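Student: Below you will find the structure I want to go over with you.
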Amino acid sequence: MTVAPEVLAGRHVLLVVSGGIAAYKSANLARALLRAGASVQALLTAAAGKFVGPATFEGLTGRHVPLDVFSDTGQVPHIHLAREADVAVFAPTTANLIAKLAVGIADDLVTSTALMLDCPIVVAPAMHTEMWRHAATQANVATLRRRGVRIVGPDDGPLAAGDVGEGRLAEESAIVDAVRAAVGPSDSPLAGRRVIVSAGGTREPIDPVRFVGNRSSGKMGYALAREAARRGGRVDLVAAPNHLDDPVGVRVHHVETAEQMRSVIVSLVDDADVVMKAAAVADFRPAQYSDRKIKKDSGDLAQIKLVENPDILAELGARKAGRVLVGFAAETDLAEDHGREKLRRKGLDLIVVNRVDMADAGFSVDTNRAVLIRADGGRREVPLTTKDRLAGVVCDEVEELLAQR
């Protein structure tokens, strides 16, 4: 078995620590980044120094930790620190630092360095639940996301002062994975590309209680989003309702209906290099929505009129503009003829014909079997495997298509 190279090997990571109780965890994070082969430069806010000192990070990293903009005026530290970074990770990141990053304040060494950064940025928030959920914090986080900053967490769990709730620093492994995704394999054709993935099954409401939908769990689309991000793609995941955790390093847009999914995808597609449509979009929706629950004895439920939903995949195929377009065909057998016809009719570059009728394949399970068919005549059969591995095979095919262009 070939072992994938460690993408952090030889990379220079700027680790910024701010003043929350979770600051002590950053020492272990520094050690984990070093184990992955990175060199680590720590940088602490003044408040962080109240929780954990620079000597800790100097001992771990073997690098001096400057404390202010005047610590080495000959080298101008904030310029030097920013320019040598391949990736910057802020962990933990307080509400105060998030606000400064969003607005662009540069009033100390940390924020002056942040304003100089021209590399991928990962932010791992940690704060009390009320601070995290405050409208100002959420607006600031949204601003950072729009700029391409990867947000990791926060998680639910124990907080300071004996409280429990949302706001706990993400797990060390999740932060390291986000840093890997931000850096990406330098030789991957997906690195730096904008990728749209759709996932899950849309719901078309009948009334406040009922909807027309399907059994898609979203697992395949989420696996694709994770894999594309791992290879360095800048991924937008458009997700219909599901029970899955948002992938690390991926910007997620939660939607419910086919029309909402179409609206989000259309707003993103002009900047996209790759679109992978794994969502199970409802073919029809109720012609009218009742804002009150329809009583089952009224007879109205037996006479619901359906209208056709927009064909998002066909619309994307008609306006490809050079991007790679991947579709999925959920079948109760490996109907290749149907897959080839759909590939042609919708203007796809690649279609994944996958089984959904078996106990070990399809909806709600972690495994699948599929046949991949390309517009250039290529065919690849994938026997029973995990959806994560199938996502790797699909991304391999996408990389080949990108490399040909």
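Convention: chains lettered A, B, ... in structure tokens order; per-chain residue numbering from 1; ligands numbered from 1 as shown.
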Give me the residues within 10 Å of Pro154 (chain A) as a PDB file with N, CA, C and O atoms, in the first residue's frame, counting only C-alpha atoms and dropping any in the same chain fewer than 6 places off.

Tutor:
```pdb
ATOM      1  N   PRO A  92      -5.954  28.839  20.518  1.00  0.00           N
ATOM      2  CA  PRO A  92      -7.359  29.218  20.380  1.00  0.00           C
ATOM      3  C   PRO A  92      -7.482  30.673  19.900  1.00  0.00           C
ATOM      4  O   PRO A  92      -6.557  31.462  20.041  1.00  0.00           O
ATOM      5  N   THR A  93      -8.657  30.970  19.346  1.00  0.00           N
ATOM      6  CA  THR A  93      -8.941  32.327  18.890  1.00  0.00           C
ATOM      7  C   THR A  93     -10.107  32.885  19.682  1.00  0.00           C
ATOM      8  O   THR A  93     -11.217  32.339  19.632  1.00  0.00           O
ATOM      9  N   VAL A 123      -8.556  29.259  11.562  1.00  0.00           N
ATOM     10  CA  VAL A 123      -8.958  29.871  12.831  1.00  0.00           C
ATOM     11  C   VAL A 123      -9.772  28.854  13.631  1.00  0.00           C
ATOM     12  O   VAL A 123     -10.753  28.303  13.129  1.00  0.00           O
ATOM     13  N   ALA A 124      -9.346  28.610  14.865  1.00  0.00           N
ATOM     14  CA  ALA A 124     -10.042  27.684  15.764  1.00  0.00           C
ATOM     15  C   ALA A 124     -10.589  28.481  16.950  1.00  0.00           C
ATOM     16  O   ALA A 124      -9.865  28.749  17.911  1.00  0.00           O
ATOM     17  N   PRO A 125     -11.864  28.881  16.899  1.00  0.00           N
ATOM     18  CA  PRO A 125     -12.435  29.702  17.976  1.00  0.00           C
ATOM     19  C   PRO A 125     -12.572  28.916  19.285  1.00  0.00           C
ATOM     20  O   PRO A 125     -12.776  27.701  19.286  1.00  0.00           O
ATOM     21  N   ALA A 126     -12.478  29.646  20.386  1.00  0.00           N
ATOM     22  CA  ALA A 126     -12.729  29.075  21.713  1.00  0.00           C
ATOM     23  C   ALA A 126     -13.186  30.195  22.629  1.00  0.00           C
ATOM     24  O   ALA A 126     -12.467  31.181  22.808  1.00  0.00           O
ATOM     25  N   MET A 127     -14.379  30.039  23.188  1.00  0.00           N
ATOM     26  CA  MET A 127     -14.943  31.087  24.052  1.00  0.00           C
ATOM     27  C   MET A 127     -16.210  30.544  24.693  1.00  0.00           C
ATOM     28  O   MET A 127     -16.643  29.422  24.394  1.00  0.00           O
ATOM     29  N   THR A 129     -20.204  30.104  25.339  1.00  0.00           N
ATOM     30  CA  THR A 129     -21.290  29.913  24.374  1.00  0.00           C
ATOM     31  C   THR A 129     -21.941  31.228  23.989  1.00  0.00           C
ATOM     32  O   THR A 129     -22.189  31.497  22.804  1.00  0.00           O
ATOM     33  N   TRP A 132     -19.759  33.164  21.621  1.00  0.00           N
ATOM     34  CA  TRP A 132     -19.720  32.551  20.296  1.00  0.00           C
ATOM     35  C   TRP A 132     -20.997  32.832  19.514  1.00  0.00           C
ATOM     36  O   TRP A 132     -20.959  33.140  18.324  1.00  0.00           O
ATOM     37  N   GLY A 165     -21.044  23.668  27.037  1.00  0.00           N
ATOM     38  CA  GLY A 165     -21.804  24.155  25.896  1.00  0.00           C
ATOM     39  C   GLY A 165     -20.930  24.349  24.675  1.00  0.00           C
ATOM     40  O   GLY A 165     -19.755  23.952  24.649  1.00  0.00           O
ATOM     41  N   GLU A 166     -21.481  24.985  23.662  1.00  0.00           N
ATOM     42  CA  GLU A 166     -20.759  25.248  22.427  1.00  0.00           C
ATOM     43  C   GLU A 166     -19.741  26.364  22.659  1.00  0.00           C
ATOM     44  O   GLU A 166     -20.065  27.390  23.235  1.00  0.00           O
ATOM     45  N   GLY A 167     -18.518  26.132  22.229  1.00  0.00           N
ATOM     46  CA  GLY A 167     -17.465  27.116  22.423  1.00  0.00           C
ATOM     47  C   GLY A 167     -16.128  26.501  22.782  1.00  0.00           C
ATOM     48  O   GLY A 167     -15.116  27.205  22.857  1.00  0.00           O
ATOM     49  N   ARG A 168     -16.102  25.188  22.971  1.00  0.00           N
ATOM     50  CA  ARG A 168     -14.865  24.494  23.330  1.00  0.00           C
ATOM     51  C   ARG A 168     -13.952  24.407  22.111  1.00  0.00           C
ATOM     52  O   ARG A 168     -14.400  24.192  20.991  1.00  0.00           O
ATOM     53  N   LEU A 169     -12.654  24.578  22.326  1.00  0.00           N
ATOM     54  CA  LEU A 169     -11.682  24.475  21.248  1.00  0.00           C
ATOM     55  C   LEU A 169     -11.805  23.127  20.561  1.00  0.00           C
ATOM     56  O   LEU A 169     -11.950  22.081  21.211  1.00  0.00           O
ATOM     57  N   ALA A 170     -11.760  23.126  19.230  1.00  0.00           N
ATOM     58  CA  ALA A 170     -11.827  21.880  18.466  1.00  0.00           C
ATOM     59  C   ALA A 170     -10.691  20.947  18.873  1.00  0.00           C
ATOM     60  O   ALA A 170      -9.647  21.373  19.385  1.00  0.00           O
ATOM     61  N   GLU A 171     -10.895  19.666  18.626  1.00  0.00           N
ATOM     62  CA  GLU A 171      -9.869  18.685  18.967  1.00  0.00           C
ATOM     63  C   GLU A 171      -8.587  18.932  18.172  1.00  0.00           C
ATOM     64  O   GLU A 171      -8.616  19.388  17.026  1.00  0.00           O
TER      65      GLU A 171
END
```

Student: DSSP on the backbone: what in region 10-208 of chain A comes out strand (DSSP E), as a VMD selection string?

Tutor: chain A and resid 12 to 17 39 to 44 87 to 93 121 to 125 150 to 151 155 to 158 164 to 168 194 to 199 204 to 205

Student: So that I can see what lies close to Ala278 (chain A), please list as a PyMOL selection string the residues with an atom at most 9 Å from it, counting only C-alpha atoms and leaving out residues fewer than 6 positions away in the same chain.

Tutor: chain A and resi 197-200+218+220-222+224+326-329+352

Student: Any chance you can output those residues with all heavy atoms as a PDB file, in the first residue's frame?

Tutor:
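This is the output file selection-v8.pdb:
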```pdb
ATOM      1  N   VAL A 197     -19.458  21.050  -4.119  1.00  0.00           N
ATOM      2  CA  VAL A 197     -20.008  19.708  -3.914  1.00  0.00           C
ATOM      3  C   VAL A 197     -21.417  19.864  -3.365  1.00  0.00           C
ATOM      4  O   VAL A 197     -21.653  20.696  -2.469  1.00  0.00           O
ATOM      5  CB  VAL A 197     -19.155  18.887  -2.925  1.00  0.00           C
ATOM      6  CG1 VAL A 197     -19.754  17.499  -2.728  1.00  0.00           C
ATOM      7  CG2 VAL A 197     -17.711  18.781  -3.410  1.00  0.00           C
ATOM      8  N   SER A 198     -22.357  19.090  -3.895  1.00  0.00           N
ATOM      9  CA  SER A 198     -23.701  19.077  -3.302  1.00  0.00           C
ATOM     10  C   SER A 198     -23.933  17.727  -2.643  1.00  0.00           C
ATOM     11  O   SER A 198     -23.383  16.709  -3.076  1.00  0.00           O
ATOM     12  CB  SER A 198     -24.782  19.361  -4.347  1.00  0.00           C
ATOM     13  OG  SER A 198     -24.891  18.282  -5.260  1.00  0.00           O
ATOM     14  N   ALA A 199     -24.738  17.719  -1.593  1.00  0.00           N
ATOM     15  CA  ALA A 199     -24.918  16.491  -0.809  1.00  0.00           C
ATOM     16  C   ALA A 199     -26.308  16.452  -0.184  1.00  0.00           C
ATOM     17  O   ALA A 199     -26.940  17.488   0.030  1.00  0.00           O
ATOM     18  CB  ALA A 199     -23.853  16.414   0.292  1.00  0.00           C
ATOM     19  N   GLY A 200     -26.749  15.237   0.133  1.00  0.00           N
ATOM     20  CA  GLY A 200     -27.999  15.051   0.864  1.00  0.00           C
ATOM     21  C   GLY A 200     -29.219  15.042  -0.040  1.00  0.00           C
ATOM     22  O   GLY A 200     -29.129  15.204  -1.256  1.00  0.00           O
ATOM     23  N   GLY A 218     -26.480  11.996   2.632  1.00  0.00           N
ATOM     24  CA  GLY A 218     -25.450  13.009   2.425  1.00  0.00           C
ATOM     25  C   GLY A 218     -24.033  12.498   2.601  1.00  0.00           C
ATOM     26  O   GLY A 218     -23.071  13.237   2.381  1.00  0.00           O
ATOM     27  N   MET A 220     -22.073  10.442   0.925  1.00  0.00           N
ATOM     28  CA  MET A 220     -21.184  10.435  -0.239  1.00  0.00           C
ATOM     29  C   MET A 220     -20.695  11.850  -0.555  1.00  0.00           C
ATOM     30  O   MET A 220     -19.511  12.072  -0.808  1.00  0.00           O
ATOM     31  CB  MET A 220     -21.925   9.835  -1.443  1.00  0.00           C
ATOM     32  CG  MET A 220     -21.019   9.576  -2.647  1.00  0.00           C
ATOM     33  SD  MET A 220     -19.816   8.267  -2.350  1.00  0.00           S
ATOM     34  CE  MET A 220     -18.277   9.181  -2.489  1.00  0.00           C
ATOM     35  N   GLY A 221     -21.612  12.810  -0.549  1.00  0.00           N
ATOM     36  CA  GLY A 221     -21.216  14.185  -0.829  1.00  0.00           C
ATOM     37  C   GLY A 221     -20.252  14.727   0.203  1.00  0.00           C
ATOM     38  O   GLY A 221     -19.283  15.434  -0.125  1.00  0.00           O
ATOM     39  N   TYR A 222     -20.484  14.401   1.469  1.00  0.00           N
ATOM     40  CA  TYR A 222     -19.583  14.869   2.523  1.00  0.00           C
ATOM     41  C   TYR A 222     -18.198  14.231   2.369  1.00  0.00           C
ATOM     42  O   TYR A 222     -17.172  14.887   2.605  1.00  0.00           O
ATOM     43  CB  TYR A 222     -20.166  14.554   3.903  1.00  0.00           C
ATOM     44  CG  TYR A 222     -21.084  15.645   4.418  1.00  0.00           C
ATOM     45  CD1 TYR A 222     -22.228  16.009   3.722  1.00  0.00           C
ATOM     46  CD2 TYR A 222     -20.805  16.317   5.593  1.00  0.00           C
ATOM     47  CE1 TYR A 222     -23.068  17.010   4.185  1.00  0.00           C
ATOM     48  CE2 TYR A 222     -21.630  17.326   6.077  1.00  0.00           C
ATOM     49  CZ  TYR A 222     -22.767  17.671   5.358  1.00  0.00           C
ATOM     50  OH  TYR A 222     -23.586  18.680   5.819  1.00  0.00           O
ATOM     51  N   LEU A 224     -16.829  13.370  -0.479  1.00  0.00           N
ATOM     52  CA  LEU A 224     -16.216  14.089  -1.595  1.00  0.00           C
ATOM     53  C   LEU A 224     -15.665  15.444  -1.140  1.00  0.00           C
ATOM     54  O   LEU A 224     -14.561  15.844  -1.537  1.00  0.00           O
ATOM     55  CB  LEU A 224     -17.234  14.292  -2.710  1.00  0.00           C
ATOM     56  CG  LEU A 224     -17.622  13.067  -3.530  1.00  0.00           C
ATOM     57  CD1 LEU A 224     -18.856  13.374  -4.365  1.00  0.00           C
ATOM     58  CD2 LEU A 224     -16.466  12.617  -4.419  1.00  0.00           C
ATOM     59  N   VAL A 326     -19.243  16.736 -12.614  1.00  0.00           N
ATOM     60  CA  VAL A 326     -19.439  15.340 -12.219  1.00  0.00           C
ATOM     61  C   VAL A 326     -20.863  15.163 -11.719  1.00  0.00           C
ATOM     62  O   VAL A 326     -21.340  15.939 -10.886  1.00  0.00           O
ATOM     63  CB  VAL A 326     -18.446  14.930 -11.106  1.00  0.00           C
ATOM     64  CG1 VAL A 326     -18.657  13.471 -10.712  1.00  0.00           C
ATOM     65  CG2 VAL A 326     -17.010  15.180 -11.551  1.00  0.00           C
ATOM     66  N   GLY A 327     -21.544  14.133 -12.215  1.00  0.00           N
ATOM     67  CA  GLY A 327     -22.889  13.809 -11.759  1.00  0.00           C
ATOM     68  C   GLY A 327     -22.942  12.414 -11.170  1.00  0.00           C
ATOM     69  O   GLY A 327     -22.018  11.606 -11.341  1.00  0.00           O
ATOM     70  N   PHE A 328     -24.026  12.141 -10.467  1.00  0.00           N
ATOM     71  CA  PHE A 328     -24.250  10.823  -9.874  1.00  0.00           C
ATOM     72  C   PHE A 328     -25.580  10.285 -10.375  1.00  0.00           C
ATOM     73  O   PHE A 328     -26.539  11.048 -10.590  1.00  0.00           O
ATOM     74  CB  PHE A 328     -24.272  10.911  -8.348  1.00  0.00           C
ATOM     75  CG  PHE A 328     -22.905  10.923  -7.724  1.00  0.00           C
ATOM     76  CD1 PHE A 328     -22.064  12.016  -7.871  1.00  0.00           C
ATOM     77  CD2 PHE A 328     -22.455   9.839  -6.990  1.00  0.00           C
ATOM     78  CE1 PHE A 328     -20.801  12.038  -7.305  1.00  0.00           C
ATOM     79  CE2 PHE A 328     -21.197   9.842  -6.411  1.00  0.00           C
ATOM     80  CZ  PHE A 328     -20.364  10.944  -6.572  1.00  0.00           C
ATOM     81  N   ALA A 329     -25.631   8.971 -10.548  1.00  0.00           N
ATOM     82  CA  ALA A 329     -26.881   8.297 -10.912  1.00  0.00           C
ATOM     83  C   ALA A 329     -27.123   7.194  -9.898  1.00  0.00           C
ATOM     84  O   ALA A 329     -26.397   6.198  -9.861  1.00  0.00           O
ATOM     85  CB  ALA A 329     -26.802   7.728 -12.320  1.00  0.00           C
ATOM     86  N   VAL A 352     -20.985   8.993 -11.974  1.00  0.00           N
ATOM     87  CA  VAL A 352     -20.782   7.897 -11.035  1.00  0.00           C
ATOM     88  C   VAL A 352     -22.112   7.174 -10.902  1.00  0.00           C
ATOM     89  O   VAL A 352     -23.071   7.698 -10.331  1.00  0.00           O
ATOM     90  CB  VAL A 352     -20.298   8.413  -9.665  1.00  0.00           C
ATOM     91  CG1 VAL A 352     -20.046   7.238  -8.721  1.00  0.00           C
ATOM     92  CG2 VAL A 352     -19.056   9.279  -9.813  1.00  0.00           C
TER      93      VAL A 352
END
```

Student: Check the DSSP output for the backbone and give back, as a list of chain:residue names, the residues of region 315-356 of chain A in alpha helix (DSSP H).

Tutor: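 Alpha helix (DSSP H) members of region 315-356 of chain A, listed: A:Glu315, A:Leu316, A:Gly317, A:Ala318, A:Glu336, A:Asp337, A:His338, A:Gly339, A:Arg340, A:Glu341, A:Lys342, A:Leu343, A:Arg344, A:Arg345.
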
Student: Limited to N, CA, C and O atoms, could you put the picked residues into a file as a short mmCIF file (atom, residue, chain, number, x, y, z; two decimals), in the first residue's frame?

Tutor:
```
data_model
loop_
_atom_site.label_atom_id
_atom_site.label_comp_id
_atom_site.auth_asym_id
_atom_site.auth_seq_id
_atom_site.Cartn_x
_atom_site.Cartn_y
_atom_site.Cartn_z
N GLU A 315 -28.74 22.29 -16.11
CA GLU A 315 -28.44 23.72 -16.23
C GLU A 315 -26.94 23.97 -16.14
O GLU A 315 -26.38 24.77 -16.91
N LEU A 316 -26.27 23.26 -15.24
CA LEU A 316 -24.82 23.42 -15.12
C LEU A 316 -24.12 22.90 -16.36
O LEU A 316 -23.11 23.46 -16.81
N GLY A 317 -24.63 21.79 -16.93
CA GLY A 317 -24.04 21.25 -18.14
C GLY A 317 -24.15 22.19 -19.31
O GLY A 317 -23.27 22.22 -20.19
N ALA A 318 -25.22 22.99 -19.34
CA ALA A 318 -25.43 23.92 -20.44
C ALA A 318 -24.55 25.16 -20.33
O ALA A 318 -24.41 25.91 -21.29
N GLU A 336 -25.46 0.83 -16.73
CA GLU A 336 -24.48 1.67 -17.42
C GLU A 336 -25.08 2.40 -18.61
O GLU A 336 -24.69 3.54 -18.89
N ASP A 337 -25.99 1.76 -19.32
CA ASP A 337 -26.59 2.43 -20.47
C ASP A 337 -27.32 3.69 -20.05
O ASP A 337 -27.22 4.73 -20.71
N HIS A 338 -28.05 3.60 -18.93
CA HIS A 338 -28.74 4.78 -18.42
C HIS A 338 -27.73 5.85 -18.00
O HIS A 338 -27.92 7.05 -18.24
N GLY A 339 -26.64 5.41 -17.38
CA GLY A 339 -25.61 6.35 -16.96
C GLY A 339 -24.97 7.07 -18.15
O GLY A 339 -24.75 8.29 -18.11
N ARG A 340 -24.68 6.32 -19.21
CA ARG A 340 -24.08 6.94 -20.40
C ARG A 340 -25.03 7.95 -21.04
O ARG A 340 -24.62 9.01 -21.51
N GLU A 341 -26.33 7.59 -21.06
CA GLU A 341 -27.32 8.50 -21.64
C GLU A 341 -27.42 9.77 -20.83
O GLU A 341 -27.50 10.88 -21.37
N LYS A 342 -27.39 9.65 -19.49
CA LYS A 342 -27.45 10.82 -18.62
C LYS A 342 -26.19 11.66 -18.76
O LYS A 342 -26.25 12.90 -18.77
N LEU A 343 -25.05 11.00 -18.89
CA LEU A 343 -23.78 11.69 -19.10
C LEU A 343 -23.85 12.58 -20.34
O LEU A 343 -23.45 13.76 -20.31
N ARG A 344 -24.37 12.02 -21.42
CA ARG A 344 -24.46 12.77 -22.68
C ARG A 344 -25.51 13.87 -22.61
O ARG A 344 -25.26 15.02 -22.97
N ARG A 345 -26.68 13.51 -22.09
CA ARG A 345 -27.81 14.45 -22.09
C ARG A 345 -27.54 15.67 -21.23
O ARG A 345 -27.99 16.78 -21.54
#
```

Student: Enumerate, in order of chain and increasing residue number, the residues of region 281-346 of chain A with an atom no farther than 6 Å from region 265-275 of chain A, each with its shortest atom pair and distance in Å to one decimal, counting only C-alpha atoms, as CSV.

Tutor:
```
residue,atom,partner,partner_atom,distance
A:Arg323,CA,A:Asp273,CA,4.8
A:Val324,CA,A:Val274,CA,4.7
A:Leu325,CA,A:Val275,CA,5.0
```

Student: Considering only C-alpha atoms, state which residue in the set A:Thr45, A:Thr143, A:Ser216, A:Thr61 is at the smallest distance from Asp107 (chain A).

Tutor: A:Thr45

Student: Rounded to one decimal place, report the CA of Ala258 (chain A)-CA of Ile206 (chain A) distance in Å.

Tutor: 13.8 Å

Student: Could you list, as a PyMOL selection string, every residue within 10 Å of Pro66 (chain A), counting only C-alpha atoms and ignoring same-chain residues fewer than 5 positions away?

Tutor: chain A and resi 41-44+54+71-72+77-78+81+109-110

Student: Would you compute the distance between CA of Thr94 (chain A) and CA of Lys25 (chain A)? Give it in Å to one decimal.

Tutor: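 We find that CA of Thr94 (chain A) and CA of Lys25 (chain A) lie 13.9 Å from each other.
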
Student: What gap, in Å, lies between CA of Ser112 (chain A) and CA of Val40 (chain A)?

Tutor: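 Taking CA of Ser112 (chain A) and CA of Val40 (chain A), their separation equals 18.7 Å.
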
Student: So which residues touch Asp207 (chain A) within 8 Å, counting only C-alpha atoms, skipping near sequence neighbours fewer than 2 positions away, as a PyMOL selection string?

Tutor: chain A and resi 205+209-211+289-294

Student: Nearest to Ala91 (chain A): which of A:Ile121, A:Leu8, A:Val238, A:Val65 is it, counting only C-alpha atoms?

Tutor: A:Ile121

Student: Looking at only C-alpha atoms, which of A:Ala38, A:Arg380, A:Arg405, A:Ala95 is the one that sits closest to Arg133 (chain A)?

Tutor: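 Counting only C-alpha atoms, the residue closest to Arg133 (chain A) is A:Ala95.
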